[in-house]
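Accompanying notes for the structure given below.
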Amino acid sequence: MTLVLMFVLLFVLLIVGAPVAVALGVSSLFFIATSGMPSLVVLHNMVNGINSFPLIAVPFFILAGHLMNSSGITTKIFVFARAMVGWMHGGLGHVNVGASVIFAGMSGAAVADAGGLGNIEIKAMRDAGYDTDFSVGITAASSTIGPIIPPSLPLVVYGVIADTSIGQLFAAGLIPGLIMALALMIMVGFYARLRKYPRDDRFLFSVFIRTFADAILPLMTPVIIVGGILSGMFTPTEAAIAAVAYSLVLGLFIYRTLTWKSVLRVSMETIETTASIMLIVAASAIFAWILTANQVAQVFARELLGFANDPTAVLLIIMLIVLVVGCFMETIAAITILTPVLLPVAVSIGVDPVHFGIILILNLMIGLLTPPVGMVLYVLSKVSAVPFEQCVKATAPFLIPLVTVLLLLTFVPELSMWLPTILYR
């Protein structure tokens, strides 16, 4: 009964708008206090929850993304993507997706993509005569590629909680991210022909070479990060540190678009973001310990498997649960709460933890495009001066290719598991 009251208290606190870390911590403290457990358990589990070497990657990847945005590198990426795919029907829509794929290899966060590239992309599309709803919709949808293609902040957090290789998770996200980009580009092509959107300037090899040369140093960032991890030169944590060092060199000494004052500002923003993430992880560690100690995952798995014996049905139910939760909860918080409960169920029906991590994150990325939480929609509403309700309507059609890719990845695990199997197993 106490366990039920803990869940009730958690959901009540979330509904009334309490911070996720507070909701997790208070509900966990309630259970511990009413169960007569020593209060030292709280501190012990909070410290153990964040005492993880891979988690050091979180602040460094966040800082690298902020530095890239502040140094104007996003503009160089957009110009290069425009020269590369702008000649296609609906050119700037394809540029939008291509720029997101490139930036995904630097930031690893959907919100960073939407905030950094969103303003540039939407303005360029408006100036070229594209409808506002299409511009906002494709910008929002393409930003979800960021946490799938490595590096990825959500995958780092999932890897720590699920005790799964972050290197394998990064490798598993590469092909799914490219499939997402292809699906969105097909959607762009459909819209372009339906609404007769223009092509951009015709492809000129000289322009492509010039923009590539201008963007070559920023484009080396994902090569350094992903290549270094996959080749075994350094761990994901060390790759994050290398990304920050490289970003500083580009911004301070090569392009000279960063000042020490701006570095201090983005460092403070990074500290604030990291603190909130770490507090959620620490609070969720207590919550997860309570669930483990009371065998909640095992009970949930037994009940779910009793309700639906078919692995396909079980997996669909799990994905539906994640999709609903993603609509109401921030990504990191959802990962920390759902992983200890749902991962054992998935493993029991033969789903690899690496594969489950990819479909879990993609599912939660779709939640970033849906109200009431929809963080990406709020960011784009701010940078584009478009009302939130209009952003919701504009993004809705682009959920079709994303959900299609989610189902494809869910039931064809080879798409995400082929690369980690080749590299690590």
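Residue names in the structure tokens use chain letters A, B, ... in the order shown, residue numbers from 1 in each chain, and ligand numbers from 1 in the order shown.
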So that I can check the secondary structure, give me every residue of stretch 324-425 of chain A assigned alpha helix (DSSP H) by backbone DSSP, as a ChimeraX atom specification. /A:324-328,331-348,353-367,375-384,388-395,399-411,414-424
Write out as a PyMOL selection string each polymer residue whose atoms come within 8 Å of A:Thr336, counting only C-alpha atoms; drop sequence neighbours fewer than 3 positions from it. chain A and resi 157-158+161+280-281+284-285+288+332-333+339-340
Could you write out that same residue set with C-alpha atoms as a CSV table (one decimal), in the first residue's frame?
```
chain,number,residue,atom,x,y,z
A,157,VAL,CA,22.0,9.0,-19.2
A,158,TYR,CA,20.3,5.8,-20.4
A,161,ILE,CA,21.0,3.8,-15.6
A,280,ILE,CA,17.1,14.5,-11.5
A,281,VAL,CA,19.5,11.6,-11.8
A,284,SER,CA,15.8,9.0,-9.6
A,285,ALA,CA,18.6,6.8,-8.0
A,288,ALA,CA,15.0,3.3,-8.7
A,332,ILE,CA,15.9,12.9,-18.9
A,333,ALA,CA,13.3,12.5,-16.2
A,339,THR,CA,14.2,2.5,-17.6
A,340,PRO,CA,14.3,0.5,-14.3
```
What separation in Å, quoted to one decimal, exists between atom CA of A:Leu380 and atom CA of A:Ile166?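 It comes out at 29.7 Å.
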Nearest-residue call for A:Ser52, choices A:Ile271, A:Leu342, A:Met278, A:Met185, using only C-alpha atoms: A:Met278
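Minimum atom-to-atom distance to A:Glu414, evaluated using only C-alpha atoms, belongs to A:Gly173 out of A:Arg202, A:Gly173, A:Asn96, A:Pro236.
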Exercise: A:Trp87 partners within 12 Å, only C-alpha atoms, chain neighbours under 6 positions left out, as a list in words: Ala81, Gly93, His94, Val95, Gly189, Tyr197, Pro198, Arg199, Asp200, Asp201, Arg202, Phe203, Leu204, Phe205, Val207 and Phe208 of chain A
Take the residues that were just selected and, keeping C-alpha atoms, output them as a PDB file, in the first residue's frame.
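New file result35.pdb:
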```pdb
ATOM      1  CA  ALA A  81      24.051  22.150 -46.172  1.00  0.00           C
ATOM      2  CA  GLY A  93      13.438  21.917 -46.307  1.00  0.00           C
ATOM      3  CA  HIS A  94      16.141  19.419 -47.260  1.00  0.00           C
ATOM      4  CA  VAL A  95      18.778  21.891 -46.056  1.00  0.00           C
ATOM      5  CA  GLY A 189       9.651  16.226 -51.170  1.00  0.00           C
ATOM      6  CA  TYR A 197       7.912  25.062 -53.295  1.00  0.00           C
ATOM      7  CA  PRO A 198      10.932  26.355 -55.224  1.00  0.00           C
ATOM      8  CA  ARG A 199      14.293  24.769 -55.609  1.00  0.00           C
ATOM      9  CA  ASP A 200      17.186  26.724 -54.225  1.00  0.00           C
ATOM     10  CA  ASP A 201      20.016  27.777 -56.513  1.00  0.00           C
ATOM     11  CA  ARG A 202      21.141  25.044 -58.889  1.00  0.00           C
ATOM     12  CA  PHE A 203      23.990  22.868 -57.704  1.00  0.00           C
ATOM     13  CA  LEU A 204      27.371  24.454 -58.369  1.00  0.00           C
ATOM     14  CA  PHE A 205      30.427  22.388 -57.606  1.00  0.00           C
ATOM     15  CA  VAL A 207      30.043  26.789 -54.398  1.00  0.00           C
ATOM     16  CA  PHE A 208      29.955  23.360 -52.775  1.00  0.00           C
TER      17      PHE A 208
END
```
